[in-house]
Amino acid sequence: MGALVAALSKRGDDVVPLVTAMLQELIHRGAQSHEVITPNATILAESLEELRNRCSISSSVSIGLNVSSHDTKALPHPKHSGAVFEGRIFHNSANSSPTQITSDKSLLPEEMAKTLLRNFDGSYALAFASTGRMLIGRDPLGTMPLYYGEDDELCVVALERKALWKIGIHDASSFPPGNLAIVNPEGFSFKSVWTIPHEPPRRIKMHNAVMHLKSLLEESTRERLRGAKKVGIAFSGGLDSSLIAHLAQKAGVTVRLVSVGLEGQPELSHASEAARALGLPIILQEYSIGDVEKTLPKVLWLVEEPDVMKAGVAIPLFWSAQLASKLHCTVLLAGQGADELFGGYHRYLTIYQKKGVEKVAESLFQDTVMSYETNFQRDEPLYAYHKVELRLPFVDTSVVRFALSLPVDLKIESADDCLRKRILRQLAEGLGIPAFIAKRPKKAIQFATGVDKALRDLAKSKGLTLREYVEEVFKRVHVQSGRDPS
């Protein structure tokens, strides 16, 4: 975990001061050490003040890192220019490490970057710096947030938009997953290296599909538990989080379930009952409407959008990350991705009724492909802020490809299927998960936790609509101060 930023001057000016300014803006993502990397030099310091004092180098191309753990590090480059890999690898079909690939003197930087993107399934961003040029890449599913922007003078990238805003780049766009960007004084040029293929549905019986999905999810969960001794699980007592909890327990790690909600919410009682049924310890944390009001500015500062729905989802996720951190769980597993892959949302029934099965399949594919914008770049900063690494077993390239290849009727039986996610429910029952969990209808987190109602009550108490209230708070934390609203 940490922060990655990079900048290139179109006019050949020194960008090192801008890189250190962006690192300062992302200090919440990591403060163990800091690095500035140029094509010809690397400076490492324990504090940003020390980094600024020691930074006698100048360069028109530079990468910066804030480090919060040993997982983030600069990589050796065969031509002595900067190579950085930030994040986590879960599966490696190349059978070699990022360091080995970037040390291969037979490979040019562009070949190295493409090899990483093609072969490494994980949550990461990568950057290469050479004279007058940068290469930037993002993991194929986009679970690591990454933004880019430019003006007449600069090309910049960072894991959070606020770093770009800090140096005057206000039009920040989400970096396309599985892409490699060649950055030079002409701007950004993108090349697609690995993206999710849109394949026709395969013919497969439910039993065979369940068994294969079980194998894939077991492997994906094991990979995401590697190196973790104490693991938190964001737990609602619903189908997705219960499956993840069961698989994590089978993998032999110490599992601690965390569940959050407003005082008196019945979902907390259900989560407690589900935890007992699974034989796992759970920590329940209740919050008040005052806690919602206090948390909203922080969440909007991290989410970086005045989006009502994202705010409602992000508040309980922020609480889950906070609780996991207090329990000293540096890794937290969650069930994000399952609804897009297996048809969990009620709106898929509306599409089924109005436009038919083929349109449902298309919507599932598009929602999965766009999850990097709708979900992952909202969620990851909430956990990174608390130094908790979010890992998502459903968001694995093998799981995603198999799930998207399944016919719709293995997910949604008909236009009247109120439960949906048929294959996941059968998998849960086959694993011995009780029916009161396996057959529980989905309820969106902002409603299940009571956060949506609390936000509406707060807005009403101030004489505002919910949208007006969220926009007002967003403007206050981003326009007026721009600082961490702790």
# chains A, B, ... in the order shown; residues from 1 in each chain; ligands from 1
>>> closest_atom_pairs(of="stretch 1-34 of chain A", to="stretch 130-151 of chain A", cutoff="9 Å", atoms="only C-alpha atoms", output="tab-separated table")
residue	atom	partner	partner_atom	distance
A:Leu4	CA	A:Leu146	CA	8.9
A:Ala6	CA	A:Met134	CA	8.5
A:Ala7	CA	A:Met134	CA	8.5
A:Leu8	CA	A:Arg133	CA	7.4
A:Ser9	CA	A:Gly132	CA	8.2
A:Lys10	CA	A:Gly132	CA	8.5
A:Gly12	CA	A:Gly132	CA	7.8
>>> residues_around(residues="A:Asp13", least_positions_apart="3", cutoff="12 Å", atoms="only C-alpha atoms", output="list in words")
Ala7, Leu8, Ser9, Lys10, Val16, Pro17, Leu18, Ser58, Ser59, Ser60, Val61, Ser62, Gly132, Glu153, Leu154, Cys155 and Pro185 of chain A
>>> residues_around(residues="A:Thr397", least_positions_apart="4", cutoff="10 Å", atoms="only C-alpha atoms", output="PyMOL selection string")
chain A and resi 91+120-122+140-141+195-196+216+220+393+401-403
>>> closest_residue(among="A:Lys162, A:Ala129, A:Leu117, A:Val156", to="A:Glu25", atoms="only C-alpha atoms")
A:Lys162
>>> residues_around(residues="A:Arg420", least_positions_apart="4", cutoff="7 Å", atoms="only C-alpha atoms", output="list in words")
Gly343, Gly344, Lys411 and Ile412 of chain A
>>> write_last_selection(atoms="C-alpha atoms", output="compact mmCIF listing (two decimals), in the first residue's frame")
# COMPACT_ATOMS: atom_id res chain seq x y z
CA GLY A 343 -27.05 -10.66 -11.64
CA GLY A 344 -27.60 -9.54 -8.07
CA LYS A 411 -27.81 -16.59 -12.80
CA ILE A 412 -31.38 -15.37 -13.30
>>> closest_residue(among="A:Gly312, A:Gly356, A:Pro109, A:Pro485", to="A:Arg456", atoms="only C-alpha atoms")
A:Gly312
>>> select_by_dssp(residues="stretch 244-301 of chain A", states="alpha helix (DSSP H)", output="PyMOL selection string")
chain A and resi 244-250+266-278+289-301
>>> atom_distance(atom1="atom CA of A:Val253", atom2="atom CA of A:Glu223")
12.2 Å
>>> residues_around(residues="stretch 276-289 of chain A", least_positions_apart="5", cutoff="10 Å", atoms="only C-alpha atoms", output="ChimeraX atom specification")
/A:232-233,235,237,242-243,245-246,249,254-265,268-271,294-295,316,319-320,323-324,327,432-434,436-437,449-451,453-455,457-458
>>> write_last_selection(atoms="C-alpha atoms", output="PDB file, in the first residue's frame")
ATOM      1  CA  GLY A 232     -10.979  -9.074   8.391  1.00  0.00           C
ATOM      2  CA  ILE A 233     -14.058  -9.725   6.297  1.00  0.00           C
ATOM      3  CA  PHE A 235     -19.668  -9.063   6.665  1.00  0.00           C
ATOM      4  CA  GLY A 237     -24.568 -12.007   6.736  1.00  0.00           C
ATOM      5  CA  SER A 242     -20.798 -15.461   3.800  1.00  0.00           C
ATOM      6  CA  LEU A 243     -19.288 -17.338   0.863  1.00  0.00           C
ATOM      7  CA  ALA A 245     -16.005 -15.955   4.980  1.00  0.00           C
ATOM      8  CA  HIS A 246     -16.547 -19.705   4.563  1.00  0.00           C
ATOM      9  CA  GLN A 249     -11.990 -20.068   7.060  1.00  0.00           C
ATOM     10  CA  THR A 254      -7.524 -16.296  11.439  1.00  0.00           C
ATOM     11  CA  VAL A 255     -10.765 -14.690  10.283  1.00  0.00           C
ATOM     12  CA  ARG A 256     -12.535 -11.830  12.020  1.00  0.00           C
ATOM     13  CA  LEU A 257     -15.919 -10.701  10.677  1.00  0.00           C
ATOM     14  CA  VAL A 258     -16.718  -6.992  10.916  1.00  0.00           C
ATOM     15  CA  SER A 259     -20.230  -5.644  10.570  1.00  0.00           C
ATOM     16  CA  VAL A 260     -21.406  -2.044  10.887  1.00  0.00           C
ATOM     17  CA  GLY A 261     -24.703  -0.191  10.898  1.00  0.00           C
ATOM     18  CA  LEU A 262     -26.773   2.427  12.638  1.00  0.00           C
ATOM     19  CA  GLU A 263     -28.209   1.792  16.071  1.00  0.00           C
ATOM     20  CA  GLY A 264     -31.167  -0.566  16.059  1.00  0.00           C
ATOM     21  CA  GLN A 265     -30.729  -1.809  12.487  1.00  0.00           C
ATOM     22  CA  LEU A 268     -26.822  -6.269  12.613  1.00  0.00           C
ATOM     23  CA  SER A 269     -28.830  -8.945  14.410  1.00  0.00           C
ATOM     24  CA  HIS A 270     -28.950 -10.988  11.227  1.00  0.00           C
ATOM     25  CA  ALA A 271     -25.178 -10.641  10.751  1.00  0.00           C
ATOM     26  CA  LYS A 294     -19.131  13.457  11.086  1.00  0.00           C
ATOM     27  CA  THR A 295     -18.030  10.814   8.583  1.00  0.00           C
ATOM     28  CA  PRO A 316     -20.362   2.003   5.895  1.00  0.00           C
ATOM     29  CA  TRP A 319     -16.532   2.308   9.018  1.00  0.00           C
ATOM     30  CA  SER A 320     -15.650  -1.287   8.082  1.00  0.00           C
ATOM     31  CA  LEU A 323     -13.005  -1.176  12.488  1.00  0.00           C
ATOM     32  CA  ALA A 324     -10.686  -3.628  10.696  1.00  0.00           C
ATOM     33  CA  LEU A 327      -8.588  -4.930  15.126  1.00  0.00           C
ATOM     34  CA  GLY A 432     -23.264 -26.295   3.842  1.00  0.00           C
ATOM     35  CA  ILE A 433     -24.078 -22.612   4.329  1.00  0.00           C
ATOM     36  CA  PRO A 434     -27.540 -22.451   5.972  1.00  0.00           C
ATOM     37  CA  PHE A 436     -31.432 -18.531   5.799  1.00  0.00           C
ATOM     38  CA  ILE A 437     -28.149 -17.102   4.482  1.00  0.00           C
ATOM     39  CA  THR A 449     -27.037  -0.176   7.377  1.00  0.00           C
ATOM     40  CA  GLY A 450     -29.534   2.699   7.707  1.00  0.00           C
ATOM     41  CA  VAL A 451     -27.062   5.197   6.233  1.00  0.00           C
ATOM     42  CA  LYS A 453     -32.145   7.230   5.765  1.00  0.00           C
ATOM     43  CA  ALA A 454     -29.730   9.009   8.111  1.00  0.00           C
ATOM     44  CA  LEU A 455     -28.374  11.113   5.252  1.00  0.00           C
ATOM     45  CA  ASP A 457     -32.829  12.995   7.710  1.00  0.00           C
ATOM     46  CA  LEU A 458     -29.697  15.160   8.006  1.00  0.00           C
TER      47      LEU A 458
END
>>> decode(residues="stretch 362-399 of chain A", atoms="N, CA and C atoms", output="mmCIF file, in the first residue's frame")
data_model
loop_
_atom_site.group_PDB
_atom_site.id
_atom_site.type_symbol
_atom_site.label_atom_id
_atom_site.label_comp_id
_atom_site.auth_asym_id
_atom_site.auth_seq_id
_atom_site.Cartn_x
_atom_site.Cartn_y
_atom_site.Cartn_z
ATOM 1 N N GLU A 362 -25.551 -8.539 -21.842
ATOM 2 C CA GLU A 362 -24.765 -7.368 -22.229
ATOM 3 C C GLU A 362 -24.594 -6.418 -21.044
ATOM 4 N N SER A 363 -25.670 -6.239 -20.253
ATOM 5 C CA SER A 363 -25.601 -5.348 -19.088
ATOM 6 C C SER A 363 -24.647 -5.889 -18.030
ATOM 7 N N LEU A 364 -24.671 -7.210 -17.814
ATOM 8 C CA LEU A 364 -23.746 -7.822 -16.860
ATOM 9 C C LEU A 364 -22.298 -7.586 -17.289
ATOM 10 N N PHE A 365 -22.028 -7.740 -18.563
ATOM 11 C CA PHE A 365 -20.678 -7.525 -19.074
ATOM 12 C C PHE A 365 -20.259 -6.067 -18.893
ATOM 13 N N GLN A 366 -21.111 -5.145 -19.310
ATOM 14 C CA GLN A 366 -20.771 -3.726 -19.232
ATOM 15 C C GLN A 366 -20.602 -3.274 -17.784
ATOM 16 N N ASP A 367 -21.473 -3.760 -16.890
ATOM 17 C CA ASP A 367 -21.359 -3.372 -15.484
ATOM 18 C C ASP A 367 -20.057 -3.892 -14.876
ATOM 19 N N THR A 368 -19.654 -5.093 -15.270
ATOM 20 C CA THR A 368 -18.392 -5.647 -14.780
ATOM 21 C C THR A 368 -17.215 -4.854 -15.317
ATOM 22 N N VAL A 369 -17.229 -4.584 -16.605
ATOM 23 C CA VAL A 369 -16.137 -3.837 -17.237
ATOM 24 C C VAL A 369 -15.992 -2.445 -16.632
ATOM 25 N N MET A 370 -17.117 -1.822 -16.279
ATOM 26 C CA MET A 370 -17.092 -0.452 -15.752
ATOM 27 C C MET A 370 -17.004 -0.394 -14.226
ATOM 28 N N SER A 371 -16.838 -1.528 -13.567
ATOM 29 C CA SER A 371 -16.758 -1.534 -12.105
ATOM 30 C C SER A 371 -15.595 -0.716 -11.586
ATOM 31 N N TYR A 372 -14.561 -0.554 -12.392
ATOM 32 C CA TYR A 372 -13.431 0.256 -11.936
ATOM 33 C C TYR A 372 -13.854 1.695 -11.675
ATOM 34 N N GLU A 373 -14.823 2.200 -12.436
ATOM 35 C CA GLU A 373 -15.314 3.564 -12.213
ATOM 36 C C GLU A 373 -16.419 3.615 -11.170
ATOM 37 N N THR A 374 -17.325 2.650 -11.213
ATOM 38 C CA THR A 374 -18.480 2.704 -10.321
ATOM 39 C C THR A 374 -18.165 2.231 -8.903
ATOM 40 N N ASN A 375 -17.223 1.292 -8.766
ATOM 41 C CA ASN A 375 -16.976 0.693 -7.453
ATOM 42 C C ASN A 375 -15.547 0.835 -6.949
ATOM 43 N N PHE A 376 -14.583 0.341 -7.714
ATOM 44 C CA PHE A 376 -13.239 0.161 -7.166
ATOM 45 C C PHE A 376 -12.551 1.473 -6.817
ATOM 46 N N GLN A 377 -12.668 2.493 -7.683
ATOM 47 C CA GLN A 377 -11.999 3.745 -7.367
ATOM 48 C C GLN A 377 -12.724 4.526 -6.265
ATOM 49 N N ARG A 378 -13.940 4.135 -5.950
ATOM 50 C CA ARG A 378 -14.627 4.664 -4.766
ATOM 51 C C ARG A 378 -14.127 3.955 -3.512
ATOM 52 N N ASP A 379 -13.966 2.637 -3.585
ATOM 53 C CA ASP A 379 -13.740 1.832 -2.389
ATOM 54 C C ASP A 379 -12.287 1.824 -1.912
ATOM 55 N N GLU A 380 -11.336 1.656 -2.836
ATOM 56 C CA GLU A 380 -9.942 1.451 -2.439
ATOM 57 C C GLU A 380 -9.396 2.577 -1.573
ATOM 58 N N PRO A 381 -9.650 3.858 -1.896
ATOM 59 C CA PRO A 381 -9.117 4.933 -1.035
ATOM 60 C C PRO A 381 -9.653 4.902 0.390
ATOM 61 N N LEU A 382 -10.876 4.405 0.585
ATOM 62 C CA LEU A 382 -11.460 4.333 1.925
ATOM 63 C C LEU A 382 -10.649 3.392 2.806
ATOM 64 N N TYR A 383 -10.182 2.296 2.221
ATOM 65 C CA TYR A 383 -9.406 1.316 2.970
ATOM 66 C C TYR A 383 -7.943 1.739 3.078
ATOM 67 N N ALA A 384 -7.394 2.278 1.988
ATOM 68 C CA ALA A 384 -6.004 2.720 2.008
ATOM 69 C C ALA A 384 -5.792 3.794 3.078
ATOM 70 N N TYR A 385 -6.795 4.630 3.283
ATOM 71 C CA TYR A 385 -6.702 5.675 4.305
ATOM 72 C C TYR A 385 -6.437 5.075 5.681
ATOM 73 N N HIS A 386 -7.022 3.902 5.930
ATOM 74 C CA HIS A 386 -6.862 3.235 7.223
ATOM 75 C C HIS A 386 -5.735 2.210 7.205
ATOM 76 N N LYS A 387 -4.925 2.199 6.124
ATOM 77 C CA LYS A 387 -3.814 1.267 5.966
ATOM 78 C C LYS A 387 -4.304 -0.183 5.989
ATOM 79 N N VAL A 388 -5.472 -0.397 5.416
ATOM 80 C CA VAL A 388 -6.054 -1.725 5.277
ATOM 81 C C VAL A 388 -6.120 -2.053 3.794
ATOM 82 N N GLU A 389 -5.630 -3.201 3.421
ATOM 83 C CA GLU A 389 -5.609 -3.592 2.016
ATOM 84 C C GLU A 389 -6.900 -4.329 1.659
ATOM 85 N N LEU A 390 -7.655 -3.788 0.734
ATOM 86 C CA LEU A 390 -8.903 -4.406 0.299
ATOM 87 C C LEU A 390 -8.607 -5.437 -0.788
ATOM 88 N N ARG A 391 -9.031 -6.673 -0.557
ATOM 89 C CA ARG A 391 -8.836 -7.744 -1.541
ATOM 90 C C ARG A 391 -10.181 -8.375 -1.863
ATOM 91 N N LEU A 392 -10.417 -8.605 -3.144
ATOM 92 C CA LEU A 392 -11.742 -8.996 -3.629
ATOM 93 C C LEU A 392 -11.667 -10.327 -4.379
ATOM 94 N N PRO A 393 -12.017 -11.443 -3.725
ATOM 95 C CA PRO A 393 -11.925 -12.758 -4.383
ATOM 96 C C PRO A 393 -12.777 -12.903 -5.633
ATOM 97 N N PHE A 394 -13.920 -12.211 -5.709
ATOM 98 C CA PHE A 394 -14.739 -12.303 -6.919
ATOM 99 C C PHE A 394 -14.094 -11.563 -8.090
ATOM 100 N N VAL A 395 -13.238 -10.593 -7.788
ATOM 101 C CA VAL A 395 -12.620 -9.787 -8.845
ATOM 102 C C VAL A 395 -11.252 -10.383 -9.171
ATOM 103 N N ASP A 396 -11.301 -11.517 -9.806
ATOM 104 C CA ASP A 396 -10.144 -12.295 -10.229
ATOM 105 C C ASP A 396 -10.341 -12.583 -11.710
ATOM 106 N N THR A 397 -9.297 -12.475 -12.510
ATOM 107 C CA THR A 397 -9.506 -12.605 -13.960
ATOM 108 C C THR A 397 -10.120 -13.951 -14.346
ATOM 109 N N SER A 398 -9.710 -15.027 -13.676
ATOM 110 C CA SER A 398 -10.277 -16.345 -14.005
ATOM 111 C C SER A 398 -11.738 -16.435 -13.601
ATOM 112 N N VAL A 399 -12.057 -15.917 -12.410
ATOM 113 C CA VAL A 399 -13.456 -15.919 -11.951
ATOM 114 C C VAL A 399 -14.310 -15.048 -12.866
#
